[in-house]
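Q: Just dropping this structure here.
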Amino acid sequence: MFDLTLAAIEGNIHVAAAAIGIPLGIGLIGAKACESVGRNPEAATKVLVQSIIAMAFAEAIVFFAIFLGKVA
């Protein structure tokens with residue numbers, strides 16, 4: 001009984017940590033993308049594509065944390 005409760009709490013902590021960390025990561029990606037476009041405006045399209053892909057990968061981490069948190 002105690003082990004099951006502890007596993008549920010740990011799973012929720014992992015999900016909460018991912019939910020807190022992901023917006024920080026996406027913010028850093030966006031800030032660095034804006035900074036790089038400011039330095040090299042001709043590369044704006046390439047930077048936009050790369051930053052969108054990186055943000056999508058960062059966002060996927062939340063889903064992995066949710067699914068793995070519920071399995072534990």
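Ordering of the structure tokens sets the chain letters (A, B, ...); residue numbers start at 1 within each chain; ligands are numbered from 1 in the order shown.
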List the spatial neighbours of Leu48 of chain A as a list in words - criterion: any atom at most 12 Å away, only C-alpha atoms, same-chain residues fewer than 2 positions off excluded.
A: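 Residues near the query, excluding close chain neighbours: Ile29, Gly30, Ala31, Lys32, Ala33, Cys34, Glu35, Ser36, Val37, Pro41, Glu42, Ala43, Ala44, Thr45, Lys46, Gln50, Ser51, Ile52, Ile53, Ala54 and Met55 of chain A.
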Q: What's the 7 Å shell around segment 56-66 of chain A, counting only C-alpha atoms, without same-chain residues fewer than 4 positions away, as a count of residues only?
A: 8
